[in-house]
>>> print(open('data34.pdb').read())   # PDB, C-alpha atoms, pLDDT in the B column
ATOM      1  CA  MET E   1       7.018  -8.545 -28.052  1.00 84.00           C
ATOM      2  CA  ALA E   2       8.314  -9.908 -24.761  1.00 95.00           C
ATOM      3  CA  VAL E   3       7.949  -7.315 -22.018  1.00 98.00           C
ATOM      4  CA  LYS E   4       8.744  -7.551 -18.335  1.00 98.00           C
ATOM      5  CA  VAL E   5       6.049  -6.734 -15.784  1.00 98.00           C
ATOM      6  CA  ILE E   6       7.364  -6.018 -12.299  1.00 97.00           C
ATOM      7  CA  ILE E   7       4.965  -7.357  -9.688  1.00 97.00           C
ATOM      8  CA  PRO E   8       4.612  -5.211  -6.548  1.00 96.00           C
ATOM      9  CA  THR E   9       5.480  -7.046  -3.342  1.00 95.00           C
ATOM     10  CA  PRO E  10       1.895  -7.246  -1.963  1.00 97.00           C
ATOM     11  CA  LEU E  11       0.683  -8.954  -5.147  1.00 97.00           C
ATOM     12  CA  ARG E  12       3.513 -11.459  -5.613  1.00 97.00           C
ATOM     13  CA  GLN E  13       1.583 -14.015  -3.597  1.00 96.00           C
ATOM     14  CA  TYR E  14      -0.892 -14.121  -6.510  1.00 97.00           C
ATOM     15  CA  ALA E  15       1.816 -14.416  -9.182  1.00 98.00           C
ATOM     16  CA  GLY E  16       3.697 -17.514  -8.093  1.00 97.00           C
ATOM     17  CA  LYS E  17       5.788 -15.364  -5.705  1.00 96.00           C
ATOM     18  CA  GLN E  18       7.670 -13.965  -8.696  1.00 97.00           C
ATOM     19  CA  GLU E  19       9.192 -10.477  -8.683  1.00 96.00           C
ATOM     20  CA  SER E  20       8.549 -10.110 -12.400  1.00 98.00           C
ATOM     21  CA  VAL E  21       6.742 -11.910 -15.179  1.00 98.00           C
ATOM     22  CA  HIS E  22       7.479 -11.839 -18.925  1.00 98.00           C
ATOM     23  CA  VAL E  23       4.482 -11.636 -21.227  1.00 98.00           C
ATOM     24  CA  GLN E  24       3.934 -11.252 -24.958  1.00 97.00           C
ATOM     25  CA  ALA E  25       2.117  -8.012 -25.755  1.00 97.00           C
ATOM     26  CA  GLY E  26       1.956  -5.081 -28.151  1.00 97.00           C
ATOM     27  CA  THR E  27       0.277  -2.645 -25.744  1.00 98.00           C
ATOM     28  CA  VAL E  28       0.091  -2.093 -21.999  1.00 98.00           C
ATOM     29  CA  GLY E  29      -3.514  -3.288 -22.036  1.00 97.00           C
ATOM     30  CA  GLU E  30      -2.498  -6.524 -23.726  1.00 97.00           C
ATOM     31  CA  ALA E  31       0.332  -7.006 -21.246  1.00 98.00           C
ATOM     32  CA  LEU E  32      -1.948  -6.604 -18.224  1.00 98.00           C
ATOM     33  CA  SER E  33      -4.530  -8.852 -19.869  1.00 97.00           C
ATOM     34  CA  ALA E  34      -1.899 -11.535 -20.485  1.00 98.00           C
ATOM     35  CA  LEU E  35      -0.682 -11.171 -16.908  1.00 98.00           C
ATOM     36  CA  THR E  36      -4.130 -11.525 -15.353  1.00 98.00           C
ATOM     37  CA  SER E  37      -5.000 -14.419 -17.674  1.00 97.00           C
ATOM     38  CA  GLN E  38      -1.939 -16.221 -16.411  1.00 97.00           C
ATOM     39  CA  PHE E  39      -2.569 -15.224 -12.783  1.00 98.00           C
ATOM     40  CA  GLU E  40      -6.331 -14.882 -12.386  1.00 97.00           C
ATOM     41  CA  GLU E  41      -6.116 -13.871  -8.704  1.00 97.00           C
ATOM     42  CA  LEU E  42      -4.312 -10.656  -9.619  1.00 97.00           C
ATOM     43  CA  LYS E  43      -7.276  -9.324 -11.543  1.00 97.00           C
ATOM     44  CA  LYS E  44      -9.468  -8.103  -8.687  1.00 96.00           C
ATOM     45  CA  HIS E  45      -6.586  -6.209  -7.109  1.00 97.00           C
ATOM     46  CA  LEU E  46      -5.748  -4.360 -10.342  1.00 97.00           C
ATOM     47  CA  PHE E  47      -9.140  -3.891 -11.967  1.00 96.00           C
ATOM     48  CA  ALA E  48     -12.508  -2.698 -10.641  1.00 94.00           C
ATOM     49  CA  ASP E  49     -15.745  -4.535 -11.473  1.00 93.00           C
ATOM     50  CA  ASP E  50     -16.231  -2.340 -14.559  1.00 95.00           C
ATOM     51  CA  GLY E  51     -12.960  -3.645 -15.989  1.00 93.00           C
ATOM     52  CA  ARG E  52     -11.061  -0.383 -15.567  1.00 93.00           C
ATOM     53  CA  LEU E  53      -7.820  -0.115 -13.647  1.00 95.00           C
ATOM     54  CA  ARG E  54      -8.575   0.658 -10.009  1.00 95.00           C
ATOM     55  CA  SER E  55      -8.206   4.373  -9.347  1.00 93.00           C
ATOM     56  CA  PHE E  56      -5.232   3.886  -7.034  1.00 95.00           C
ATOM     57  CA  VAL E  57      -3.313   1.585  -9.396  1.00 97.00           C
ATOM     58  CA  ASN E  58      -0.688   3.361 -11.493  1.00 97.00           C
ATOM     59  CA  VAL E  59       1.132   1.800 -14.420  1.00 98.00           C
ATOM     60  CA  TYR E  60       4.465   2.908 -15.846  1.00 97.00           C
ATOM     61  CA  VAL E  61       6.340   1.904 -18.996  1.00 98.00           C
ATOM     62  CA  ASN E  62      10.045   2.440 -18.400  1.00 96.00           C
ATOM     63  CA  ASP E  63       9.190   5.030 -15.702  1.00 92.00           C
ATOM     64  CA  GLU E  64       6.644   6.919 -17.854  1.00 96.00           C
ATOM     65  CA  ASP E  65       3.140   7.052 -16.371  1.00 96.00           C
ATOM     66  CA  ILE E  66       0.748   5.639 -18.998  1.00 97.00           C
ATOM     67  CA  ARG E  67      -1.823   8.312 -18.062  1.00 95.00           C
ATOM     68  CA  TYR E  68       0.465  10.765 -19.877  1.00 96.00           C
ATOM     69  CA  LEU E  69       0.990   8.385 -22.803  1.00 97.00           C
ATOM     70  CA  GLN E  70      -1.849   6.512 -24.495  1.00 95.00           C
ATOM     71  CA  LYS E  71      -3.120   4.806 -21.321  1.00 95.00           C
ATOM     72  CA  ASP E  72      -3.798   1.109 -21.922  1.00 95.00           C
ATOM     73  CA  GLN E  73      -3.255   1.625 -25.661  1.00 97.00           C
ATOM     74  CA  THR E  74       0.370   2.655 -25.005  1.00 98.00           C
ATOM     75  CA  ARG E  75       2.591   0.636 -27.326  1.00 98.00           C
ATOM     76  CA  VAL E  76       5.331  -1.496 -25.820  1.00 98.00           C
ATOM     77  CA  LYS E  77       8.393  -2.876 -27.522  1.00 97.00           C
ATOM     78  CA  GLU E  78      10.726  -5.778 -26.923  1.00 97.00           C
ATOM     79  CA  GLY E  79      12.567  -5.369 -23.635  1.00 96.00           C
ATOM     80  CA  ASP E  80      10.288  -2.702 -22.145  1.00 98.00           C
ATOM     81  CA  THR E  81       9.554  -2.844 -18.429  1.00 98.00           C
ATOM     82  CA  ILE E  82       6.084  -2.253 -17.039  1.00 98.00           C
ATOM     83  CA  SER E  83       5.795  -1.293 -13.364  1.00 97.00           C
ATOM     84  CA  ILE E  84       2.626  -1.371 -11.267  1.00 97.00           C
ATOM     85  CA  VAL E  85       2.672   1.101  -8.361  1.00 97.00           C
ATOM     86  CA  PRO E  86      -0.207   1.832  -5.994  1.00 96.00           C
ATOM     87  CA  SER E  87      -0.998   5.237  -4.625  1.00 94.00           C
ATOM     88  CA  ILE E  88      -2.115   4.785  -1.029  1.00 93.00           C
ATOM     89  CA  ALA E  89      -5.416   6.339  -0.076  1.00 90.00           C
ATOM     90  CA  GLY E  90      -8.031   6.115   2.611  1.00 89.00           C
ATOM     91  CA  GLY E  91      -9.888   8.086   5.179  1.00 88.00           C
ATOM     92  CA  LYS E  92     -12.294   7.907   8.052  1.00 82.00           C
ATOM     93  CA  ARG E  93     -15.669   8.432   6.339  1.00 68.00           C
ATOM     94  CA  ASP E  94     -17.407   6.172   3.846  1.00 52.00           C
TER      95      ASP E  94
ATOM     96  CA  MET W  95      -4.361 -14.114   7.578  1.00 48.00           C
ATOM     97  CA  SER W  96      -6.088 -14.695  10.898  1.00 53.00           C
ATOM     98  CA  GLY W  97      -3.660 -14.505  13.798  1.00 79.00           C
ATOM     99  CA  ALA W  98      -1.274 -12.121  12.051  1.00 91.00           C
ATOM    100  CA  SER W  99       0.748  -9.858  14.277  1.00 94.00           C
ATOM    101  CA  LEU W 100       2.942  -6.818  13.875  1.00 97.00           C
ATOM    102  CA  LYS W 101       5.838  -6.020  16.157  1.00 97.00           C
ATOM    103  CA  ILE W 102       6.626  -2.390  16.773  1.00 97.00           C
ATOM    104  CA  ARG W 103       8.676  -0.552  19.362  1.00 97.00           C
ATOM    105  CA  ASP W 104       6.742   1.474  21.892  1.00 96.00           C
ATOM    106  CA  GLU W 105       8.668   4.617  20.933  1.00 96.00           C
ATOM    107  CA  MET W 106       7.718   4.156  17.283  1.00 97.00           C
ATOM    108  CA  LEU W 107       4.044   3.646  18.053  1.00 97.00           C
ATOM    109  CA  ARG W 108       4.128   6.880  20.039  1.00 97.00           C
ATOM    110  CA  ARG W 109       5.656   8.665  17.051  1.00 98.00           C
ATOM    111  CA  ILE W 110       2.743   7.522  14.870  1.00 98.00           C
ATOM    112  CA  GLN W 111       0.304   8.808  17.483  1.00 98.00           C
ATOM    113  CA  ALA W 112       2.254  12.083  17.770  1.00 98.00           C
ATOM    114  CA  HIS W 113       2.063  12.506  13.993  1.00 98.00           C
ATOM    115  CA  GLY W 114      -1.724  12.119  14.214  1.00 97.00           C
ATOM    116  CA  VAL W 115      -1.835  14.781  16.932  1.00 98.00           C
ATOM    117  CA  GLU W 116       0.462  17.089  14.974  1.00 97.00           C
ATOM    118  CA  THR W 117      -1.735  17.060  11.854  1.00 97.00           C
ATOM    119  CA  TYR W 118      -5.073  17.011  13.760  1.00 97.00           C
ATOM    120  CA  PRO W 119      -7.792  17.759  12.683  1.00 96.00           C
ATOM    121  CA  HIS W 120      -6.317  16.558   9.401  1.00 95.00           C
ATOM    122  CA  GLU W 121      -5.315  12.986   8.675  1.00 95.00           C
ATOM    123  CA  CYS W 122      -1.648  12.060   8.846  1.00 96.00           C
ATOM    124  CA  CYS W 123       0.012   9.285   6.870  1.00 96.00           C
ATOM    125  CA  GLY W 124       3.308   7.496   6.535  1.00 97.00           C
ATOM    126  CA  ALA W 125       5.066   4.314   5.502  1.00 98.00           C
ATOM    127  CA  LEU W 126       6.093   1.368   7.658  1.00 98.00           C
ATOM    128  CA  LEU W 127       9.520  -0.012   6.777  1.00 98.00           C
ATOM    129  CA  GLY W 128      10.596  -3.279   8.290  1.00 98.00           C
ATOM    130  CA  SER W 129      10.998  -6.984   7.869  1.00 97.00           C
ATOM    131  CA  ASP W 130       8.619  -9.759   7.000  1.00 95.00           C
ATOM    132  CA  GLY W 131       9.398 -13.423   7.102  1.00 87.00           C
ATOM    133  CA  ASP W 132       8.718 -16.732   8.798  1.00 76.00           C
ATOM    134  CA  GLY W 133       5.416 -15.425  10.076  1.00 79.00           C
ATOM    135  CA  THR W 134       7.068 -12.534  11.889  1.00 88.00           C
ATOM    136  CA  ARG W 135       6.569  -8.977  10.748  1.00 96.00           C
ATOM    137  CA  GLU W 136       8.261  -6.052  12.428  1.00 97.00           C
ATOM    138  CA  VAL W 137       8.338  -2.305  11.897  1.00 98.00           C
ATOM    139  CA  VAL W 138      11.939  -1.096  12.008  1.00 97.00           C
ATOM    140  CA  GLU W 139      11.585   2.458  10.674  1.00 97.00           C
ATOM    141  CA  LEU W 140       8.851   4.979   9.992  1.00 98.00           C
ATOM    142  CA  LEU W 141       8.727   7.273   7.004  1.00 98.00           C
ATOM    143  CA  PRO W 142       6.264  10.095   7.750  1.00 97.00           C
ATOM    144  CA  LEU W 143       4.771  11.454   4.524  1.00 96.00           C
ATOM    145  CA  ALA W 144       2.713  14.458   3.493  1.00 93.00           C
ATOM    146  CA  ASN W 145      -1.016  13.969   3.053  1.00 93.00           C
ATOM    147  CA  ARG W 146      -1.508  14.954  -0.602  1.00 92.00           C
ATOM    148  CA  ARG W 147      -5.303  15.279  -0.311  1.00 89.00           C
ATOM    149  CA  ASP W 148      -5.355  19.070  -0.018  1.00 84.00           C
ATOM    150  CA  ASP W 149      -9.047  19.164  -0.935  1.00 87.00           C
ATOM    151  CA  SER W 150     -10.294  17.005   1.945  1.00 88.00           C
ATOM    152  CA  PRO W 151      -7.542  16.341   4.488  1.00 88.00           C
ATOM    153  CA  ARG W 152      -9.951  16.029   7.441  1.00 89.00           C
ATOM    154  CA  ASN W 153     -11.370  12.743   6.212  1.00 90.00           C
ATOM    155  CA  ARG W 154      -9.050  11.597   3.446  1.00 92.00           C
ATOM    156  CA  PHE W 155      -5.376  10.918   2.958  1.00 90.00           C
ATOM    157  CA  GLU W 156      -3.350  10.104  -0.096  1.00 93.00           C
ATOM    158  CA  VAL W 157       0.212   8.979  -0.650  1.00 94.00           C
ATOM    159  CA  THR W 158       1.027   9.539  -4.317  1.00 95.00           C
ATOM    160  CA  ALA W 159       2.683   6.891  -6.476  1.00 95.00           C
ATOM    161  CA  ASP W 160       5.839   9.040  -6.463  1.00 94.00           C
ATOM    162  CA  ASP W 161       5.866   8.947  -2.653  1.00 95.00           C
ATOM    163  CA  VAL W 162       5.238   5.193  -2.731  1.00 96.00           C
ATOM    164  CA  ARG W 163       8.242   4.794  -5.030  1.00 95.00           C
ATOM    165  CA  LEU W 164      10.282   6.974  -2.669  1.00 95.00           C
ATOM    166  CA  ALA W 165       9.233   4.757   0.250  1.00 97.00           C
ATOM    167  CA  GLU W 166      10.169   1.617  -1.709  1.00 96.00           C
ATOM    168  CA  LYS W 167      13.555   3.121  -2.629  1.00 96.00           C
ATOM    169  CA  THR W 168      14.196   4.188   0.973  1.00 97.00           C
ATOM    170  CA  ALA W 169      13.316   0.709   2.234  1.00 97.00           C
ATOM    171  CA  HIS W 170      15.558  -0.917  -0.385  1.00 96.00           C
ATOM    172  CA  GLU W 171      18.512   1.333   0.536  1.00 98.00           C
ATOM    173  CA  LYS W 172      18.110   0.358   4.178  1.00 97.00           C
ATOM    174  CA  ARG W 173      17.734  -3.320   3.260  1.00 97.00           C
ATOM    175  CA  LEU W 174      14.213  -3.267   4.602  1.00 97.00           C
ATOM    176  CA  GLU W 175      10.822  -3.916   3.046  1.00 97.00           C
ATOM    177  CA  LEU W 176       7.887  -1.579   2.637  1.00 98.00           C
ATOM    178  CA  ILE W 177       5.502  -3.575   4.825  1.00 98.00           C
ATOM    179  CA  GLY W 178       2.620  -1.175   5.245  1.00 98.00           C
ATOM    180  CA  TRP W 179       1.164   2.218   5.972  1.00 97.00           C
ATOM    181  CA  TYR W 180      -0.253   4.238   8.809  1.00 97.00           C
ATOM    182  CA  HIS W 181      -2.830   6.991   8.926  1.00 96.00           C
ATOM    183  CA  SER W 182      -5.033   8.745  11.459  1.00 96.00           C
ATOM    184  CA  HIS W 183      -8.800   8.992  11.835  1.00 95.00           C
ATOM    185  CA  PRO W 184      -9.529  12.355  13.489  1.00 96.00           C
ATOM    186  CA  GLU W 185     -12.719  12.168  15.570  1.00 96.00           C
ATOM    187  CA  ALA W 186     -13.438   8.648  14.315  1.00 95.00           C
ATOM    188  CA  PRO W 187     -12.741   5.095  15.459  1.00 96.00           C
ATOM    189  CA  ALA W 188      -9.523   3.275  14.577  1.00 97.00           C
ATOM    190  CA  ARG W 189     -11.355   0.986  12.188  1.00 96.00           C
ATOM    191  CA  PRO W 190     -10.991   0.818   8.395  1.00 96.00           C
ATOM    192  CA  SER W 191     -13.719   2.604   6.471  1.00 92.00           C
ATOM    193  CA  GLU W 192     -15.322   1.392   3.270  1.00 92.00           C
ATOM    194  CA  TYR W 193     -13.199   3.985   1.471  1.00 91.00           C
ATOM    195  CA  ASP W 194     -10.098   2.469   3.064  1.00 92.00           C
ATOM    196  CA  ARG W 195     -11.152  -0.981   1.816  1.00 92.00           C
ATOM    197  CA  ASP W 196     -11.709   0.231  -1.744  1.00 91.00           C
ATOM    198  CA  HIS W 197      -8.176   1.630  -1.839  1.00 92.00           C
ATOM    199  CA  ALA W 198      -6.197  -1.145  -0.193  1.00 94.00           C
ATOM    200  CA  TRP W 199      -4.195  -4.189  -1.194  1.00 95.00           C
ATOM    201  CA  PRO W 200      -3.759  -7.378   0.795  1.00 96.00           C
ATOM    202  CA  TRP W 201      -0.425  -8.165   2.457  1.00 96.00           C
ATOM    203  CA  TYR W 202       0.270  -4.599   3.589  1.00 97.00           C
ATOM    204  CA  SER W 203      -0.236  -3.798   7.281  1.00 98.00           C
ATOM    205  CA  TYR W 204      -2.486  -0.770   7.768  1.00 97.00           C
ATOM    206  CA  ILE W 205      -2.092   0.954  11.134  1.00 98.00           C
ATOM    207  CA  ILE W 206      -4.864   3.382  12.082  1.00 97.00           C
ATOM    208  CA  VAL W 207      -4.674   5.763  15.032  1.00 97.00           C
ATOM    209  CA  SER W 208      -7.849   7.400  16.289  1.00 97.00           C
ATOM    210  CA  VAL W 209      -7.340  11.006  17.415  1.00 97.00           C
ATOM    211  CA  GLN W 210     -10.167  12.439  19.510  1.00 97.00           C
ATOM    212  CA  LYS W 211     -10.182  16.103  20.533  1.00 97.00           C
ATOM    213  CA  GLY W 212      -6.514  16.279  19.624  1.00 96.00           C
ATOM    214  CA  GLU W 213      -5.527  13.307  21.800  1.00 97.00           C
ATOM    215  CA  PRO W 214      -4.462   9.872  20.494  1.00 97.00           C
ATOM    216  CA  ARG W 215      -6.829   7.061  21.447  1.00 96.00           C
ATOM    217  CA  ASP W 216      -6.974   3.537  20.060  1.00 96.00           C
ATOM    218  CA  THR W 217      -4.307   2.367  17.650  1.00 98.00           C
ATOM    219  CA  THR W 218      -5.062  -0.720  15.596  1.00 98.00           C
ATOM    220  CA  SER W 219      -3.591  -2.607  12.638  1.00 98.00           C
ATOM    221  CA  TRP W 220      -5.364  -4.416   9.806  1.00 97.00           C
ATOM    222  CA  ARG W 221      -4.771  -6.574   6.769  1.00 97.00           C
ATOM    223  CA  LEU W 222      -7.151  -6.775   3.816  1.00 96.00           C
ATOM    224  CA  HIS W 223      -8.639 -10.185   2.946  1.00 95.00           C
ATOM    225  CA  ASP W 224      -7.505 -11.869  -0.255  1.00 94.00           C
ATOM    226  CA  ASP W 225     -11.016 -11.459  -1.688  1.00 94.00           C
ATOM    227  CA  ARG W 226     -11.128  -7.718  -0.758  1.00 95.00           C
ATOM    228  CA  ALA W 227     -14.353  -8.329   1.192  1.00 95.00           C
ATOM    229  CA  GLY W 228     -13.037  -7.018   4.512  1.00 95.00           C
ATOM    230  CA  TYR W 229     -10.134  -6.766   6.904  1.00 95.00           C
ATOM    231  CA  ASP W 230      -8.675  -8.970   9.604  1.00 95.00           C
ATOM    232  CA  PRO W 231      -7.365  -7.227  12.684  1.00 96.00           C
ATOM    233  CA  GLU W 232      -3.636  -7.664  13.159  1.00 96.00           C
ATOM    234  CA  SER W 233      -2.455  -7.763  16.742  1.00 96.00           C
ATOM    235  CA  ILE W 234       0.147  -5.134  17.612  1.00 97.00           C
ATOM    236  CA  GLU W 235       2.997  -6.504  19.714  1.00 96.00           C
ATOM    237  CA  ILE W 236       4.670  -3.599  21.443  1.00 96.00           C
ATOM    238  CA  THR W 237       8.333  -4.211  22.130  1.00 93.00           C
ATOM    239  CA  ALA W 238      10.903  -2.247  24.081  1.00 86.00           C
ATOM    240  CA  HIS W 239      13.646  -2.903  21.526  1.00 68.00           C
ATOM    241  CA  SER W 240      13.791  -4.149  17.960  1.00 56.00           C
ATOM    242  CA  ALA W 241      15.271  -7.592  17.315  1.00 54.00           C
ATOM    243  CA  ASN W 242      16.664  -6.189  14.046  1.00 51.00           C
ATOM    244  CA  ILE W 243      18.742  -3.408  15.541  1.00 45.00           C
TER     245      ILE W 243
END
>>> encode(input="data34.pdb", output="C-alpha cells")
Amino acid sequence: MAVKVIIPTPLRQYAGKQESVHVQAGTVGEALSALTSQFEELKKHLFADDGRLRSFVNVYVNDEDIRYLQKDQTRVKEGDTISIVPSIAGGKRD
Amino acid sequence: MSGASLKIRDEMLRRIQAHGVETYPHECCGALLGSDGDGTREVVELLPLANRRDDSPRNRFEVTADDVRLAEKTAHEKRLELIGWYHSHPEAPARPSEYDRDHAWPWYSYIIVSVQKGEPRDTTSWRLHDDRAGYDPESIEITAHSANI
C-alpha cells in the first residue's frame, strides 16, 4: 500500500527537505521503518535507543492517534496519511 | 548551527518574561510564530499556551500534540511558520536541562526565561544539535520593530 507520511517542519532537513514522503507499508510500524530506512538521520529524532517511539512523538493515521488504535500495528490502506506531531515538553530540573 | 540568531521585538520579549512572572512559581510555555529563511529567523507573533503538566508545573511544562497542531494551524492561517517555543525556569538558570534535551527536536528555537523570586532574569535561546548531544546558544537580536510588519 502506498501511504503518505507528512514530515514535520523541524525534521524535513533530514528527509531531503520534503514536506511528505510516500512509502509502501501495511502498518504504521512498517511505514515508519520504511521512512527511517530511506532517511537514516530521521531515526534518532523519532525513536529512543530502545527502538520505541520517543515519548513526545505522536503519530496519527488520518487524524486518529495510533495510541487509541493498535499503535504501531495499526493497519494502513492505500491513500492513508500518517502525521508525526511532537508534544513539547521540558522543565528546569534533570 | 553555530552563529544562529533570532530576531524578536523588545515588546514581545517582555511579554514572554511577563508570562513567566504571571505563572510563577510554575513554568509558563508558548509558541513562537514567525519567519525563517535565508539565515534570518524572526519571531512575529507569540501564542501563549497552558502548561498541561498539572502534576508537576513547578519544574515541568508540556504542550500537548493537540496544542502543537493548534499552533501549526494558527501559524499557517497567518502565513507564518511555527519556529519554536518558549518556557520559563522558575528559580533556575535560563539554560536547557537534560530533560529539555530529551524532549526536543533540532531546528526549533527554544527560548528560556529564568524567573527568580518572581522577577524575570536572563532570557536565552537555544537550538538542539543534529546529533541530539547538546544545544547551541542562539543569539537574541532585540529589535524595536519587526521587518515583517
>>> atom_distance(input="data34.pdb", atom1="atom CA of Pro86 of chain E", atom2="atom CA of Tyr118 of chain W")
25.4 Å
>>> residues_around(input="data34.pdb", residues="Gly97 of chain W", least_positions_apart="5", cutoff="12 Å", atoms="all atoms listed in the file", output="list in words")
Gly133, Thr134, Ser219, Trp220, Arg221, Asp230, Pro231, Glu232, Ser233, Ile234 and Glu235 of chain W
>>> interface_residues(input="data34.pdb", of="chain W", to="chain E", cutoff="8 Å", atoms="all atoms listed in the file", output="ChimeraX atom specification")
/W:121,153-159,162-163,182-184,186-187,190-195,197-202,225-226
>>> resolve_selection(input="data34.pdb", expression="the PyMOL selection byres ((chain W and resi 208) around 9)", output="list of chain:residue names")
W:Gln111, W:Gly114, W:His181, W:Ser182, W:His183, W:Pro184, W:Glu185, W:Ala186, W:Pro187, W:Ala188, W:Arg189, W:Ile206, W:Val207, W:Val209, W:Gln210, W:Glu213, W:Pro214, W:Arg215, W:Asp216, W:Thr217, W:Thr218
>>> resolve_selection(input="data34.pdb", expression="the PyMOL selection byres ((chain E and resi 1) around 8)", output="NGL selection string")
:E and (2-3 or 23-26 or 76-79)
>>> resolve_selection(input="data34.pdb", expression="the PyMOL selection byres ((chain E and resi 71) around 10)", output="JSON, numbers by chain")
{"E": [27, 28, 29, 59, 60, 65, 66, 67, 68, 69, 70, 72, 73, 74, 75]}
>>> write_last_selection(input="data34.pdb", atoms="C-alpha atoms", output="PDB file, in the coordinates of the input")
ATOM      1  CA  THR E  27       0.277  -2.645 -25.744  1.00 98.00           C
ATOM      2  CA  VAL E  28       0.091  -2.093 -21.999  1.00 98.00           C
ATOM      3  CA  GLY E  29      -3.514  -3.288 -22.036  1.00 97.00           C
ATOM      4  CA  VAL E  59       1.132   1.800 -14.420  1.00 98.00           C
ATOM      5  CA  TYR E  60       4.465   2.908 -15.846  1.00 97.00           C
ATOM      6  CA  ASP E  65       3.140   7.052 -16.371  1.00 96.00           C
ATOM      7  CA  ILE E  66       0.748   5.639 -18.998  1.00 97.00           C
ATOM      8  CA  ARG E  67      -1.823   8.312 -18.062  1.00 95.00           C
ATOM      9  CA  TYR E  68       0.465  10.765 -19.877  1.00 96.00           C
ATOM     10  CA  LEU E  69       0.990   8.385 -22.803  1.00 97.00           C
ATOM     11  CA  GLN E  70      -1.849   6.512 -24.495  1.00 95.00           C
ATOM     12  CA  ASP E  72      -3.798   1.109 -21.922  1.00 95.00           C
ATOM     13  CA  GLN E  73      -3.255   1.625 -25.661  1.00 97.00           C
ATOM     14  CA  THR E  74       0.370   2.655 -25.005  1.00 98.00           C
ATOM     15  CA  ARG E  75       2.591   0.636 -27.326  1.00 98.00           C
TER      16      ARG E  75
END
>>> atom_distance(input="data34.pdb", atom1="atom CA of Arg152 of chain W", atom2="atom CA of Gly124 of chain W")
15.8 Å
>>> atom_distance(input="data34.pdb", atom1="atom CA of Gly178 of chain W", atom2="atom CA of Ser203 of chain W")
4.4 Å
>>> axis_aligned_box(input="data34.pdb", around="segment 28-43 of chain E", padding_each_side="4 Å", output="AutoDock Vina command-line options")
--center_x -3.5 --center_y -9.2 --center_z -16.2 --size_x 15.6 --size_y 22.1 --size_z 23.0
>>> build_atoms(input="data34.pdb", residues="segment 80-91 of chain E", atoms="N, CA and C atoms", output="PDB file, keeping the file's coordinate frame")
ATOM      1  N   ASP E  80      10.864  -3.725 -23.029  1.00 98.00           N
ATOM      2  CA  ASP E  80      10.288  -2.702 -22.145  1.00 98.00           C
ATOM      3  C   ASP E  80       9.937  -3.305 -20.782  1.00 98.00           C
ATOM      4  N   THR E  81       9.930  -2.422 -19.777  1.00 98.00           N
ATOM      5  CA  THR E  81       9.554  -2.844 -18.429  1.00 98.00           C
ATOM      6  C   THR E  81       8.299  -2.099 -17.989  1.00 98.00           C
ATOM      7  N   ILE E  82       7.325  -2.841 -17.556  1.00 98.00           N
ATOM      8  CA  ILE E  82       6.084  -2.253 -17.039  1.00 98.00           C
ATOM      9  C   ILE E  82       6.099  -2.394 -15.517  1.00 98.00           C
ATOM     10  N   SER E  83       5.857  -1.261 -14.832  1.00 97.00           N
ATOM     11  CA  SER E  83       5.795  -1.293 -13.364  1.00 97.00           C
ATOM     12  C   SER E  83       4.379  -0.958 -12.906  1.00 97.00           C
ATOM     13  N   ILE E  84       3.949  -1.619 -11.858  1.00 97.00           N
ATOM     14  CA  ILE E  84       2.626  -1.371 -11.267  1.00 97.00           C
ATOM     15  C   ILE E  84       2.867  -0.798  -9.865  1.00 97.00           C
ATOM     16  N   VAL E  85       2.409   0.431  -9.642  1.00 97.00           N
ATOM     17  CA  VAL E  85       2.672   1.101  -8.361  1.00 97.00           C
ATOM     18  C   VAL E  85       1.355   1.630  -7.793  1.00 97.00           C
ATOM     19  N   PRO E  86       1.020   1.280  -6.555  1.00 96.00           N
ATOM     20  CA  PRO E  86      -0.207   1.832  -5.994  1.00 96.00           C
ATOM     21  C   PRO E  86       0.016   3.255  -5.498  1.00 96.00           C
ATOM     22  N   SER E  87      -1.024   4.079  -5.500  1.00 94.00           N
ATOM     23  CA  SER E  87      -0.998   5.237  -4.625  1.00 94.00           C
ATOM     24  C   SER E  87      -1.826   4.794  -3.418  1.00 94.00           C
ATOM     25  N   ILE E  88      -1.463   5.265  -2.244  1.00 93.00           N
ATOM     26  CA  ILE E  88      -2.115   4.785  -1.029  1.00 93.00           C
ATOM     27  C   ILE E  88      -3.140   5.824  -0.599  1.00 93.00           C
ATOM     28  N   ALA E  89      -4.375   5.384  -0.439  1.00 90.00           N
ATOM     29  CA  ALA E  89      -5.416   6.339  -0.076  1.00 90.00           C
ATOM     30  C   ALA E  89      -6.346   5.710   0.935  1.00 90.00           C
ATOM     31  N   GLY E  90      -7.052   6.583   1.640  1.00 89.00           N
ATOM     32  CA  GLY E  90      -8.031   6.115   2.611  1.00 89.00           C
ATOM     33  C   GLY E  90      -8.606   7.303   3.341  1.00 89.00           C
ATOM     34  N   GLY E  91      -9.294   7.007   4.410  1.00 88.00           N
ATOM     35  CA  GLY E  91      -9.888   8.086   5.179  1.00 88.00           C
ATOM     36  C   GLY E  91     -11.026   7.575   6.025  1.00 88.00           C
TER      37      GLY E  91
END
